[in-house]
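A.B. asks: Input structure: model13.pdb, which contains PDB, C-alpha atoms.
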```pdb
ATOM      1  CA  MET A 166       0.000   0.000   0.000  1.00  0.00           C
ATOM      2  CA  VAL A 167       1.256   3.437  -0.943  1.00  0.00           C
ATOM      3  CA  ARG A 168       0.488   6.522   1.047  1.00  0.00           C
ATOM      4  CA  VAL A 169      -0.454   9.664  -0.896  1.00  0.00           C
ATOM      5  CA  LEU A 170       0.516  12.910   0.829  1.00  0.00           C
ATOM      6  CA  ILE A 171      -0.267  16.458  -0.158  1.00  0.00           C
ATOM      7  CA  SER A 172       2.237  18.861   1.342  1.00  0.00           C
ATOM      8  CA  ARG A 173       0.371  20.877   3.918  1.00  0.00           C
ATOM      9  CA  SER A 174       1.227  24.371   2.843  1.00  0.00           C
ATOM     10  CA  ALA A 175      -1.320  27.117   2.412  1.00  0.00           C
ATOM     11  CA  GLU A 176      -0.065  27.732  -1.118  1.00  0.00           C
ATOM     12  CA  LEU A 177      -0.522  24.121  -2.214  1.00  0.00           C
ATOM     13  CA  GLU A 178      -3.950  23.855  -0.600  1.00  0.00           C
ATOM     14  CA  LEU A 179      -4.926  26.992  -2.500  1.00  0.00           C
ATOM     15  CA  GLU A 180      -3.600  25.571  -5.808  1.00  0.00           C
ATOM     16  CA  LEU A 181      -5.778  22.495  -5.358  1.00  0.00           C
ATOM     17  CA  ALA A 182      -8.813  24.529  -4.265  1.00  0.00           C
ATOM     18  CA  ARG A 183      -8.538  26.799  -7.325  1.00  0.00           C
ATOM     19  CA  LEU A 184      -8.990  23.880  -9.703  1.00  0.00           C
ATOM     20  CA  PRO A 185     -12.490  23.282 -11.083  1.00  0.00           C
ATOM     21  CA  ARG A 186     -14.630  21.036  -8.845  1.00  0.00           C
ATOM     22  CA  ASP A 187     -14.745  18.174 -11.398  1.00  0.00           C
ATOM     23  CA  VAL A 188     -10.944  18.204 -11.672  1.00  0.00           C
ATOM     24  CA  GLN A 189     -10.624  18.107  -7.865  1.00  0.00           C
ATOM     25  CA  GLU A 190     -12.897  15.054  -7.830  1.00  0.00           C
ATOM     26  CA  ARG A 191     -10.864  13.367 -10.568  1.00  0.00           C
ATOM     27  CA  PHE A 192      -7.656  14.002  -8.598  1.00  0.00           C
ATOM     28  CA  ALA A 193      -9.340  12.501  -5.503  1.00  0.00           C
ATOM     29  CA  ARG A 194     -10.241   9.352  -7.475  1.00  0.00           C
ATOM     30  CA  ALA A 195      -6.668   9.151  -8.796  1.00  0.00           C
ATOM     31  CA  PHE A 196      -5.331   9.459  -5.220  1.00  0.00           C
ATOM     32  CA  ASP A 197      -7.586   6.558  -4.178  1.00  0.00           C
ATOM     33  CA  GLU A 198      -6.254   4.410  -7.040  1.00  0.00           C
ATOM     34  CA  LEU A 199      -2.657   5.297  -6.205  1.00  0.00           C
ATOM     35  CA  GLU A 200      -3.159   4.390  -2.545  1.00  0.00           C
ATOM     36  CA  LYS A 201      -4.218   0.856  -3.521  1.00  0.00           C
ATOM     37  CA  ASP A 202      -0.862   0.225  -5.197  1.00  0.00           C
ATOM     38  CA  LEU A 203       1.504   1.803  -7.675  1.00  0.00           C
ATOM     39  CA  LYS A 204       1.148  -0.721 -10.494  1.00  0.00           C
ATOM     40  CA  PRO A 205       0.642   0.948 -13.868  1.00  0.00           C
ATOM     41  CA  ARG A 206      -3.026   1.627 -14.426  1.00  0.00           C
ATOM     42  CA  PRO A 207      -4.443   2.389 -17.861  1.00  0.00           C
ATOM     43  CA  ARG A 208      -6.693   5.136 -16.467  1.00  0.00           C
ATOM     44  CA  LEU A 209      -3.847   7.018 -14.812  1.00  0.00           C
ATOM     45  CA  ASP A 210      -1.354   8.929 -16.935  1.00  0.00           C
ATOM     46  CA  ILE A 211       1.856   9.091 -14.896  1.00  0.00           C
ATOM     47  CA  LYS A 212       5.257   9.948 -16.340  1.00  0.00           C
ATOM     48  CA  PRO A 213       8.646  10.972 -14.925  1.00  0.00           C
ATOM     49  CA  LEU A 214       9.709  14.575 -15.459  1.00  0.00           C
ATOM     50  CA  ARG A 215      12.873  14.928 -17.486  1.00  0.00           C
ATOM     51  CA  GLY A 216      15.783  16.623 -15.774  1.00  0.00           C
ATOM     52  CA  MET A 217      14.204  16.245 -12.331  1.00  0.00           C
ATOM     53  CA  LYS A 218      15.249  12.932 -10.824  1.00  0.00           C
ATOM     54  CA  GLY A 219      12.582  11.336  -8.656  1.00  0.00           C
ATOM     55  CA  THR A 220       9.873  13.774  -9.762  1.00  0.00           C
ATOM     56  CA  TRP A 221       6.779  12.583 -11.600  1.00  0.00           C
ATOM     57  CA  ARG A 222       3.569  14.070 -12.921  1.00  0.00           C
ATOM     58  CA  LEU A 223      -0.016  12.851 -12.837  1.00  0.00           C
ATOM     59  CA  ARG A 224      -2.167  14.041 -15.733  1.00  0.00           C
ATOM     60  CA  VAL A 225      -5.874  14.688 -15.164  1.00  0.00           C
ATOM     61  CA  GLY A 226      -7.265  16.210 -18.361  1.00  0.00           C
ATOM     62  CA  SER A 227      -5.520  19.544 -18.926  1.00  0.00           C
ATOM     63  CA  TYR A 228      -4.331  19.642 -15.307  1.00  0.00           C
ATOM     64  CA  ARG A 229      -1.233  18.179 -13.693  1.00  0.00           C
ATOM     65  CA  GLY A 230      -0.135  17.151 -10.252  1.00  0.00           C
ATOM     66  CA  VAL A 231       3.625  17.018  -9.651  1.00  0.00           C
ATOM     67  CA  PHE A 232       4.873  14.587  -7.027  1.00  0.00           C
ATOM     68  CA  GLU A 233       7.974  12.917  -5.626  1.00  0.00           C
ATOM     69  CA  MET A 234       8.282   9.273  -4.614  1.00  0.00           C
ATOM     70  CA  GLU A 235       9.898   8.698  -1.230  1.00  0.00           C
ATOM     71  CA  ALA A 236       9.988   5.439   0.745  1.00  0.00           C
ATOM     72  CA  GLY A 237       6.527   4.171  -0.149  1.00  0.00           C
ATOM     73  CA  GLN A 238       4.958   7.617  -0.157  1.00  0.00           C
ATOM     74  CA  LEU A 239       3.911   9.975  -2.918  1.00  0.00           C
ATOM     75  CA  ARG A 240       4.324  13.596  -1.876  1.00  0.00           C
ATOM     76  CA  PHE A 241       2.477  16.018  -4.146  1.00  0.00           C
ATOM     77  CA  THR A 242       4.137  19.403  -4.420  1.00  0.00           C
ATOM     78  CA  ARG A 243       2.228  21.272  -7.162  1.00  0.00           C
ATOM     79  CA  PHE A 244      -1.148  21.327  -8.918  1.00  0.00           C
ATOM     80  CA  GLY A 245      -2.177  23.411 -11.896  1.00  0.00           C
ATOM     81  CA  HIS A 246      -3.030  23.786 -15.556  1.00  0.00           C
ATOM     82  CA  ARG A 247      -0.571  22.287 -18.003  1.00  0.00           C
ATOM     83  CA  LYS A 248       0.401  25.697 -19.407  1.00  0.00           C
ATOM     84  CA  ASP A 249       1.583  26.874 -15.973  1.00  0.00           C
ATOM     85  CA  ILE A 250       2.639  23.813 -13.994  1.00  0.00           C
ATOM     86  CA  TYR A 251       6.151  23.399 -15.415  1.00  0.00           C
ATOM     87  CA  ARG A 252       7.229  27.017 -14.772  1.00  0.00           C
ATOM     88  CA  PHE A 253       9.310  26.998 -11.606  1.00  0.00           C
TER      89      PHE A 253
END
```
In structure tokens, write the structure found in this file.
C.D. replies:
Amino acid sequence: MVRVLISRSAELELELARLPRDVQERFARAFDELEKDLKPRPRLDIKPLRGMKGTWRLRVGSYRGVFEMEAGQLRFTRFGHRKDIYRF
């Protein structure tokens, strides 16, 4: 079993809350699937980010969640639209 964590910062909570309600629900369903286990699932689009070792992205429509894998945990660090999410 994998534990899905969302960093508890006010900024990240706000990023997630700003997303449309249907996208928030789709992220919640994806979190539930990821907590079951990390085997590749056809419904989840997960890919590693190039140039950022250990950092991955979860695609939900036009929105992305960026996360890091650490010792059986997924720690999400960013949420946003695809046009903005990769600008650090």
A.B. asks: What residues have an atom no more than 8 Å from (-3.3, 17.0, -11.0) in the file's own frame, counting only C-alpha atoms, and can you write them as a short mmCIF file (atom, residue, chain, number, x, y, z; two decimals) with C-alpha atoms, keeping the file's coordinate frame?
C.D. replies:
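Contents of result.cif, as written:
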```cif
data_model
loop_
_atom_site.label_atom_id
_atom_site.label_comp_id
_atom_site.auth_asym_id
_atom_site.auth_seq_id
_atom_site.Cartn_x
_atom_site.Cartn_y
_atom_site.Cartn_z
CA VAL A 188 -10.94 18.20 -11.67
CA PHE A 192 -7.66 14.00 -8.60
CA ARG A 222 3.57 14.07 -12.92
CA LEU A 223 -0.02 12.85 -12.84
CA ARG A 224 -2.17 14.04 -15.73
CA VAL A 225 -5.87 14.69 -15.16
CA TYR A 228 -4.33 19.64 -15.31
CA ARG A 229 -1.23 18.18 -13.69
CA GLY A 230 -0.14 17.15 -10.25
CA VAL A 231 3.62 17.02 -9.65
CA ARG A 243 2.23 21.27 -7.16
CA PHE A 244 -1.15 21.33 -8.92
CA GLY A 245 -2.18 23.41 -11.90
#
```
A.B. asks: List the residues sitting within 12 Å of (3.3, 27.1, -3.6) in the file's frame, using only C-alpha atoms, as JSON, numbers by chain.
C.D. replies: {"A": [171, 172, 173, 174, 175, 176, 177, 178, 179, 180, 181, 231, 241, 242, 243, 244, 245, 250, 252, 253]}
A.B. asks: How many Å lie between CA of Leu184 in chain A and CA of His246 in chain A, rounded to one decimal?
C.D. replies: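 Between CA of Leu184 in chain A and CA of His246 in chain A the gap is 8.4 Å.
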A.B. asks: Between CA of Phe232 in chain A and CA of Thr220 in chain A, what is the distance in Å, rounded to a tenth?
C.D. replies: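 Result for CA of Phe232 in chain A versus CA of Thr220 in chain A: 5.8 Å, one decimal.
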A.B. asks: Nearest to Asp249 in chain A: which of A:Ser227, A:Pro213, A:Arg206, A:Ala193 is it, counting only C-alpha atoms?
C.D. replies: A:Ser227
A.B. asks: Rounded to one decimal, what separation in Å do you get between CA of Arg191 in chain A and CA of Ala236 in chain A?
C.D. replies: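 Computing it gives 25.0 Å between the two atoms.
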